[in-house]
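Participant: My structure file target-v2.tsv, TSV, C-alpha atoms, is below:
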chain	number	residue	atom	x	y	z
P	1	MET	CA	75.08	52.02	94.92
P	2	LYS	CA	71.80	51.94	92.99
P	3	LEU	CA	70.66	55.21	94.58
P	4	ARG	CA	73.88	56.91	93.51
P	5	GLN	CA	73.49	55.62	89.96
P	6	ILE	CA	69.88	56.79	89.86
P	7	PHE	CA	70.92	60.23	91.17
P	8	VAL	CA	73.72	60.59	88.59
P	9	ALA	CA	71.39	59.50	85.79
P	10	LEU	CA	68.73	61.98	86.94
P	11	VAL	CA	71.21	64.87	87.08
P	12	CYS	CA	72.55	64.02	83.61
P	13	THR	CA	69.01	63.80	82.21
P	14	ILE	CA	68.07	67.19	83.63
P	15	ALA	CA	71.27	68.77	82.33
P	16	MET	CA	70.85	67.30	78.87
P	17	SER	CA	67.21	68.34	78.67
P	18	SER	CA	68.00	71.92	79.69
P	19	VAL	CA	70.51	72.51	76.89
P	20	TYR	CA	69.05	74.60	74.10
P	21	ALA	CA	70.45	72.49	71.29
P	22	GLU	CA	69.08	74.70	68.48
P	23	SER	CA	71.21	77.65	69.47
P	24	GLN	CA	73.94	78.57	67.02
P	25	PHE	CA	76.21	79.30	69.96
P	26	SER	CA	76.01	75.75	71.38
P	27	GLY	CA	78.95	73.44	70.75
P	28	PRO	CA	82.65	73.77	69.90
P	29	TYR	CA	84.36	76.58	68.00
P	30	LEU	CA	87.79	77.73	66.80
P	31	GLY	CA	88.84	81.30	66.19
P	32	LEU	CA	91.42	83.98	65.46
P	33	GLN	CA	91.91	87.27	67.29
P	34	ILE	CA	93.86	90.50	67.05
P	35	GLY	CA	94.07	93.32	69.53
P	36	TYR	CA	95.97	95.96	71.43
P	37	ALA	CA	97.51	95.61	74.89
P	38	ASN	CA	98.28	98.41	77.33
P	39	GLY	CA	100.22	97.35	80.44
P	40	ASP	CA	101.72	98.82	83.59
P	41	ASP	CA	104.84	97.28	85.16
P	42	GLN	CA	105.66	98.66	88.61
P	43	GLY	CA	109.12	97.82	89.91
P	44	PHE	CA	110.84	98.31	93.27
P	45	GLU	CA	114.34	97.54	94.51
P	46	PHE	CA	115.15	95.83	97.79
P	47	ASP	CA	118.42	95.54	99.75
P	48	HIS	CA	118.49	92.69	102.26
P	49	GLY	CA	114.70	92.50	101.97
P	50	VAL	CA	114.16	96.21	102.70
P	51	GLN	CA	112.87	98.55	99.98
P	52	ASN	CA	115.44	101.21	99.03
P	53	ASP	CA	115.14	104.52	97.13
P	54	PHE	CA	115.03	103.03	93.61
P	55	SER	CA	111.86	102.25	91.65
P	56	GLN	CA	110.69	102.02	88.06
P	57	ASP	CA	107.47	102.32	86.09
P	58	THR	CA	107.20	101.08	82.52
P	59	SER	CA	104.07	100.91	80.35
P	60	PRO	CA	104.49	98.31	77.61
P	61	GLU	CA	101.92	98.57	74.85
P	62	GLY	CA	101.49	97.08	71.42
P	63	GLU	CA	99.62	94.73	69.12
P	64	PHE	CA	98.94	91.02	69.51
P	65	PHE	CA	97.33	88.19	67.55
P	66	GLY	CA	96.39	84.67	68.50
P	67	LEU	CA	94.19	81.58	68.44
P	68	THR	CA	91.19	80.63	70.54
P	69	ALA	CA	89.11	77.48	71.06
P	70	GLY	CA	86.10	76.83	73.23
P	71	PHE	CA	82.82	75.09	73.93
P	72	ASN	CA	79.42	76.59	74.83
P	73	TYR	CA	76.20	75.35	76.40
P	74	VAL	CA	73.03	77.39	75.90
P	75	PHE	CA	70.08	76.64	78.17
P	76	ASN	CA	66.34	77.04	77.59
P	77	ASN	CA	66.39	80.45	79.29
P	78	ASN	CA	69.06	81.60	76.78
P	79	VAL	CA	71.80	81.64	79.42
P	80	LEU	CA	75.16	80.58	78.02
P	81	LEU	CA	77.93	78.82	79.93
P	82	GLY	CA	81.23	78.26	78.18
P	83	ILE	CA	84.88	77.42	78.59
P	84	GLU	CA	87.62	78.86	76.40
P	85	VAL	CA	91.40	78.70	75.97
P	86	ASP	CA	93.59	81.03	73.95
P	87	TYR	CA	97.18	81.84	73.05
P	88	ASN	CA	98.56	85.19	71.89
P	89	TYR	CA	101.83	86.39	70.41
P	90	ILE	CA	102.43	89.92	71.72
P	91	ASP	CA	104.68	92.76	70.60
P	92	ALA	CA	104.42	95.17	73.55
P	93	ASP	CA	107.45	96.91	75.07
P	94	TYR	CA	108.55	100.10	76.81
P	95	SER	CA	111.88	101.63	77.84
P	96	SER	CA	112.54	104.17	80.57
P	97	PHE	CA	114.92	104.82	83.49
P	98	GLN	CA	114.96	103.88	87.12
P	99	LYS	CA	113.84	106.53	89.56
P	100	GLU	CA	115.82	107.52	92.64
P	101	LEU	CA	113.56	109.13	95.24
P	102	GLY	CA	111.03	109.64	92.46
P	103	VAL	CA	113.47	111.38	90.07
P	104	LEU	CA	114.57	109.73	86.81
P	105	ASN	CA	118.17	108.51	86.94
P	106	THR	CA	119.41	108.38	83.32
P	107	SER	CA	122.40	106.19	84.22
P	108	TRP	CA	119.99	103.27	84.90
P	109	PRO	CA	117.97	102.38	81.75
P	110	VAL	CA	115.19	99.80	82.23
P	111	SER	CA	112.76	98.07	79.89
P	112	THR	CA	109.80	95.67	79.92
P	113	LYS	CA	108.76	93.50	76.99
P	114	VAL	CA	105.63	91.32	76.95
P	115	GLU	CA	106.11	88.48	74.45
P	116	GLN	CA	103.35	85.88	74.81
P	117	SER	CA	100.23	85.09	76.83
P	118	ALA	CA	97.76	82.26	77.31
P	119	SER	CA	94.60	81.80	79.35
P	120	ILE	CA	91.81	79.43	80.31
P	121	LYS	CA	88.56	81.04	81.34
P	122	GLY	CA	84.84	80.64	81.77
P	123	ARG	CA	82.17	82.66	79.99
P	124	LEU	CA	78.70	83.51	81.28
P	125	GLY	CA	76.32	85.28	78.97
P	126	HIS	CA	72.86	85.82	77.56
P	127	VAL	CA	71.81	85.03	73.99
P	128	LEU	CA	69.39	87.51	72.42
P	129	ASN	CA	68.33	89.00	69.09
P	130	ASN	CA	66.78	85.75	67.80
P	131	ASP	CA	69.87	83.68	68.63
P	132	GLN	CA	72.17	86.04	66.75
P	133	THR	CA	73.89	87.99	69.52
P	134	LEU	CA	75.66	87.15	72.78
P	135	LEU	CA	76.50	89.49	75.66
P	136	TYR	CA	78.91	87.93	78.16
P	137	VAL	CA	81.34	88.33	81.03
P	138	LEU	CA	84.45	86.20	81.50
P	139	GLY	CA	87.01	85.30	84.13
P	140	GLY	CA	89.85	82.87	84.55
P	141	TYR	CA	93.55	82.06	84.82
P	142	SER	CA	96.19	83.77	82.70
P	143	ILE	CA	99.95	83.56	82.14
P	144	ALA	CA	102.22	86.03	80.33
P	145	ARG	CA	105.86	85.71	79.28
P	146	ILE	CA	107.60	88.96	80.27
P	147	GLN	CA	111.21	90.06	79.87
P	148	ARG	CA	112.64	92.77	82.16
P	149	LYS	CA	116.03	94.35	81.57
P	150	ILE	CA	118.09	96.69	83.74
P	151	THR	CA	121.37	98.41	82.80
P	152	ASP	CA	123.98	100.41	84.72
P	153	LEU	CA	125.90	102.87	82.50
P	154	ILE	CA	128.36	104.14	85.13
P	155	PRO	CA	131.28	103.58	85.50
P	156	THR	CA	131.07	100.81	82.88
P	157	VAL	CA	128.10	99.33	81.07
P	158	ASP	CA	126.61	96.36	82.93
P	159	SER	CA	123.31	94.78	82.04
P	160	ASP	CA	121.14	91.83	83.02
P	161	SER	CA	117.66	90.61	82.11
P	162	ASN	CA	115.08	88.13	83.31
P	163	ARG	CA	112.44	86.34	81.25
P	164	GLU	CA	109.68	84.45	83.09
P	165	TRP	CA	106.10	83.24	82.72
P	166	ASN	CA	104.06	85.43	85.10
P	167	LYS	CA	100.90	83.87	86.56
P	168	GLY	CA	97.69	85.74	87.24
P	169	TRP	CA	93.96	86.15	86.65
P	170	LEU	CA	91.76	88.03	84.23
P	171	THR	CA	88.23	89.37	83.94
P	172	GLY	CA	86.39	90.95	81.06
P	173	LEU	CA	83.25	91.40	79.01
P	174	GLY	CA	82.32	91.13	75.38
P	175	LEU	CA	79.79	91.06	72.59
P	176	GLU	CA	79.60	88.35	69.92
P	177	HIS	CA	77.36	88.31	66.84
P	178	PHE	CA	76.78	85.78	64.05
P	179	VAL	CA	77.58	87.17	60.60
P	180	THR	CA	76.80	83.87	58.79
P	181	SER	CA	75.25	80.58	59.90
P	182	ASN	CA	78.62	79.31	61.23
P	183	LEU	CA	80.78	82.41	61.58
P	184	SER	CA	80.64	84.88	64.46
P	185	ALA	CA	82.55	88.09	65.15
P	186	ARG	CA	83.31	89.51	68.59
P	187	ILE	CA	84.72	92.50	70.42
P	188	GLU	CA	86.14	91.97	73.90
P	189	TYR	CA	87.70	93.93	76.75
P	190	ARG	CA	89.95	92.27	79.36
P	191	HIS	CA	91.76	93.27	82.53
P	192	ALA	CA	94.56	91.02	83.85
P	193	GLU	CA	96.73	91.19	86.96
P	194	TYR	CA	99.82	89.07	87.60
P	195	SER	CA	101.67	87.93	90.70
P	196	THR	CA	104.89	89.57	91.88
P	197	GLU	CA	108.07	88.46	90.09
P	198	SER	CA	111.61	89.12	91.37
P	199	PHE	CA	115.16	88.66	90.15
P	200	ASN	CA	118.69	89.52	91.23
P	201	PRO	CA	120.71	91.32	88.51
P	202	ASN	CA	124.20	89.83	88.32
P	203	PHE	CA	126.00	93.19	88.71
P	204	VAL	CA	124.28	94.75	91.75
P	205	GLY	CA	125.33	92.32	94.48
P	206	PRO	CA	123.82	89.16	95.96
P	207	HIS	CA	121.46	90.95	98.35
P	208	THR	CA	119.81	93.37	95.91
P	209	THR	CA	116.54	92.28	94.29
P	210	GLU	CA	114.31	93.86	91.66
P	211	SER	CA	110.60	93.13	92.26
P	212	TYR	CA	107.84	93.70	89.69
P	213	ASP	CA	104.03	93.77	89.55
P	214	TYR	CA	102.39	93.76	86.11
P	215	ASP	CA	98.78	94.41	85.12
P	216	GLU	CA	97.28	94.84	81.68
P	217	GLU	CA	94.22	95.98	79.78
P	218	THR	CA	93.40	94.74	76.28
P	219	ILE	CA	90.81	95.34	73.61
P	220	GLN	CA	90.48	92.74	70.88
P	221	LEU	CA	88.50	91.70	67.83
P	222	GLY	CA	87.92	88.06	66.97
P	223	ILE	CA	86.22	85.77	64.51
P	224	SER	CA	85.13	82.18	65.29
P	225	TYR	CA	83.90	79.20	63.29
P	226	HIS	CA	81.20	77.17	65.08
P	227	PHE	CA	80.97	73.46	64.31
Can the structure in the file be given as structure tokens, please?
Facilitator:
Amino acid sequence: MKLRQIFVALVCTIAMSSVYAESQFSGPYLGLQIGYANGDDQGFEFDHGVQNDFSQDTSPEGEFFGLTAGFNYVFNNNVLLGIEVDYNYIDADYSSFQKELGVLNTSWPVSTKVEQSASIKGRLGHVLNNDQTLLYVLGGYSIARIQRKITDLIPTVDSDSNREWNKGWLTGLGLEHFVTSNLSARIEYRHAEYSTESFNPNFVGPHTTESYDYDEETIQLGISYHF
């Protein structure tokens, strides 16, 4: 028991002594961000579990804005480790038509709308330029609320939609720079991929399923206040 306590105390002491407390980047922060999202939603149709001749490809794109919060540690060698969460409201959508054997079928309109996203991620970076600038990479877990809609115009108009939180992962890189003693600005690129989502439109029969795979690239600008 005493050995374990001594070991824990030693590890904590080493960790505390290695933190570069004078860095402006160390500690908690809150921020705002705006950006542009460009996505790709690939859809396929299955009958009794077998892929048929119908598919779809929509490319929702649009602006977003959101909030971010995080905490950084900067070590004596200027390496930064951080954790960050964020939430975004997104206005990205796209409308097209289903394809039959690769040819657009205008009697089957389809659309994808990305409405919200959130993530938790780690950051690994290097502080340079006299503690003014940070170069970093990031990676973590992401969710996005996506609505898909499919319509059949013949012989009568039938339509159904599905709205779900899609789960996935993201990676990215960025640059952050202090513009005042407490305020930093950043530019960041991200790539996210989400797991397959499926739903059964109420007008196509109980054994027909639409299946979708969504991935997304974003570029964003942000500003953070460091406490």
Participant: When you draw a straight line from CA of Val103 (chain P) to CA of Asp158 (chain P), how long is it in Å?
Facilitator: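 Going from CA of Val103 (chain P) over to CA of Asp158 (chain P), I get 21.2 Å.
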Participant: I'd like the contact shell of Phe44 (chain P) - 10 Å cut-off, all atoms listed in the file, skipping same-chain residues fewer than 4 positions apart - returned as a PDB file with C-alpha atoms, in the frame of the given file.
Facilitator:
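Writing the result to result-v7.pdb gives the following:
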ATOM      1  CA  GLN P  51     112.870  98.550  99.980  1.00  0.00           C
ATOM      2  CA  ASN P  52     115.440 101.210  99.030  1.00  0.00           C
ATOM      3  CA  ASP P  53     115.140 104.520  97.130  1.00  0.00           C
ATOM      4  CA  PHE P  54     115.030 103.030  93.610  1.00  0.00           C
ATOM      5  CA  SER P  55     111.860 102.250  91.650  1.00  0.00           C
ATOM      6  CA  GLN P  56     110.690 102.020  88.060  1.00  0.00           C
ATOM      7  CA  ASP P  57     107.470 102.320  86.090  1.00  0.00           C
ATOM      8  CA  GLN P  98     114.960 103.880  87.120  1.00  0.00           C
ATOM      9  CA  LYS P  99     113.840 106.530  89.560  1.00  0.00           C
ATOM     10  CA  SER P 198     111.610  89.120  91.370  1.00  0.00           C
ATOM     11  CA  THR P 209     116.540  92.280  94.290  1.00  0.00           C
ATOM     12  CA  GLU P 210     114.310  93.860  91.660  1.00  0.00           C
ATOM     13  CA  SER P 211     110.600  93.130  92.260  1.00  0.00           C
ATOM     14  CA  TYR P 212     107.840  93.700  89.690  1.00  0.00           C
ATOM     15  CA  ASP P 213     104.030  93.770  89.550  1.00  0.00           C
TER      16      ASP P 213
END
Participant: I want to know what sits within 8 Å of region 148-153 of chain P, based on only C-alpha atoms, with residues of the same chain fewer than 4 positions away left out; could you give that as an mmCIF file with C-alpha atoms, in the frame of the given file?
Facilitator:
data_model
loop_
_atom_site.group_PDB
_atom_site.id
_atom_site.type_symbol
_atom_site.label_atom_id
_atom_site.label_comp_id
_atom_site.auth_asym_id
_atom_site.auth_seq_id
_atom_site.Cartn_x
_atom_site.Cartn_y
_atom_site.Cartn_z
ATOM 1 C CA SER P 107 122.400 106.190 84.220
ATOM 2 C CA TRP P 108 119.990 103.270 84.900
ATOM 3 C CA PRO P 109 117.970 102.380 81.750
ATOM 4 C CA VAL P 110 115.190 99.800 82.230
ATOM 5 C CA SER P 111 112.760 98.070 79.890
ATOM 6 C CA THR P 112 109.800 95.670 79.920
ATOM 7 C CA LYS P 113 108.760 93.500 76.990
ATOM 8 C CA VAL P 157 128.100 99.330 81.070
ATOM 9 C CA ASP P 158 126.610 96.360 82.930
ATOM 10 C CA SER P 159 123.310 94.780 82.040
ATOM 11 C CA ASP P 160 121.140 91.830 83.020
ATOM 12 C CA SER P 161 117.660 90.610 82.110
ATOM 13 C CA ASN P 162 115.080 88.130 83.310
ATOM 14 C CA ARG P 163 112.440 86.340 81.250
ATOM 15 C CA PRO P 201 120.710 91.320 88.510
#
Participant: I'd like the contact shell of region 119-136 of chain P - 6 Å cut-off, all atoms listed in the file, skipping same-chain residues fewer than 6 positions apart - returned as a list in words.
Facilitator: Asn78, Val79, Leu80, Leu81, Gly82, Ile83, Glu84, Val85, Asp86, Ser142, Leu173, Gly174, Leu175, Glu176, His177 and Phe178 of chain P
Participant: Would you output that residue set with C-alpha atoms, as a short mmCIF file (atom, residue, chain, number, x, y, z; two decimals), keeping the file's coordinate frame?
Facilitator:
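Listed below is the output, selection_21.cif:
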data_model
loop_
_atom_site.label_atom_id
_atom_site.label_comp_id
_atom_site.auth_asym_id
_atom_site.auth_seq_id
_atom_site.Cartn_x
_atom_site.Cartn_y
_atom_site.Cartn_z
CA ASN P 78 69.06 81.60 76.78
CA VAL P 79 71.80 81.64 79.42
CA LEU P 80 75.16 80.58 78.02
CA LEU P 81 77.93 78.82 79.93
CA GLY P 82 81.23 78.26 78.18
CA ILE P 83 84.88 77.42 78.59
CA GLU P 84 87.62 78.86 76.40
CA VAL P 85 91.40 78.70 75.97
CA ASP P 86 93.59 81.03 73.95
CA SER P 142 96.19 83.77 82.70
CA LEU P 173 83.25 91.40 79.01
CA GLY P 174 82.32 91.13 75.38
CA LEU P 175 79.79 91.06 72.59
CA GLU P 176 79.60 88.35 69.92
CA HIS P 177 77.36 88.31 66.84
CA PHE P 178 76.78 85.78 64.05
#
Participant: Would you please work out which residue, of P:Thr58, P:Thr196, P:Asn182, P:Ser95, is nearest to Glu164 (chain P) when using all atoms listed in the file?
Facilitator: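 Result for the nearest residue to Glu164 (chain P): P:Thr196.
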Participant: Using Å and a single decimal, report how far CA of Ala37 (chain P) sits from CA of Glu115 (chain P).
Facilitator: 11.2 Å
Participant: Pick out the residues sitting within 8 Å of Tyr89 (chain P), and hand them over as a list of chain:residue names; count only C-alpha atoms, and ignore anything fewer than 6 positions along from it in its own chain.
Facilitator: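 Close residues of Tyr89 (chain P): P:Phe64, P:Phe65, P:Gly66, P:Glu115, P:Gln116, P:Ser117.
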Participant: Report, in Å with one decimal, the straight-line distance from CA of Gly62 (chain P) to CA of Val137 (chain P).
Facilitator: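 Atom-to-atom, CA of Gly62 (chain P) and CA of Val137 (chain P) are spaced 24.0 Å apart.
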Participant: Using only C-alpha atoms - which residues lie no farther than 7 Å from the point (91.9, 88.4, 88.0) in the file's frame? Write them as a PDB file with C-alpha atoms, in the coordinates of the input.
Facilitator:
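After the write, point.pdb holds the following:
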ATOM      1  CA  GLY P 139      87.010  85.300  84.130  1.00  0.00           C
ATOM      2  CA  GLY P 140      89.850  82.870  84.550  1.00  0.00           C
ATOM      3  CA  GLY P 168      97.690  85.740  87.240  1.00  0.00           C
ATOM      4  CA  TRP P 169      93.960  86.150  86.650  1.00  0.00           C
ATOM      5  CA  LEU P 170      91.760  88.030  84.230  1.00  0.00           C
ATOM      6  CA  THR P 171      88.230  89.370  83.940  1.00  0.00           C
ATOM      7  CA  ALA P 192      94.560  91.020  83.850  1.00  0.00           C
ATOM      8  CA  GLU P 193      96.730  91.190  86.960  1.00  0.00           C
TER       9      GLU P 193
END
Participant: Which residue, P:Tyr36, P:Phe71, P:Phe46, P:Trp165, has the smallest gap to Glu216 (chain P) when you use only C-alpha atoms?
Facilitator: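 Ranking P:Tyr36, P:Phe71, P:Phe46, P:Trp165 by distance to Glu216 (chain P), first place goes to P:Tyr36.
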Participant: What box, with edges along x, y and z, holds each listed atom of region 64-77 of chain P when 5 Å is added on every side, and can you state its centre and edge lengths in Å to one decimal, as AutoDock Vina command-line options?
Facilitator:
--center_x 82.6 --center_y 83.1 --center_z 73.4 --size_x 42.6 --size_y 25.9 --size_z 21.7
Participant: Nearest to Val114 (chain P) among P:Gly102, P:Pro155, P:Gly39, P:Gly222, with distances taken over all atoms listed in the file: which residue is it?
Facilitator: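 Closest candidate: P:Gly39.
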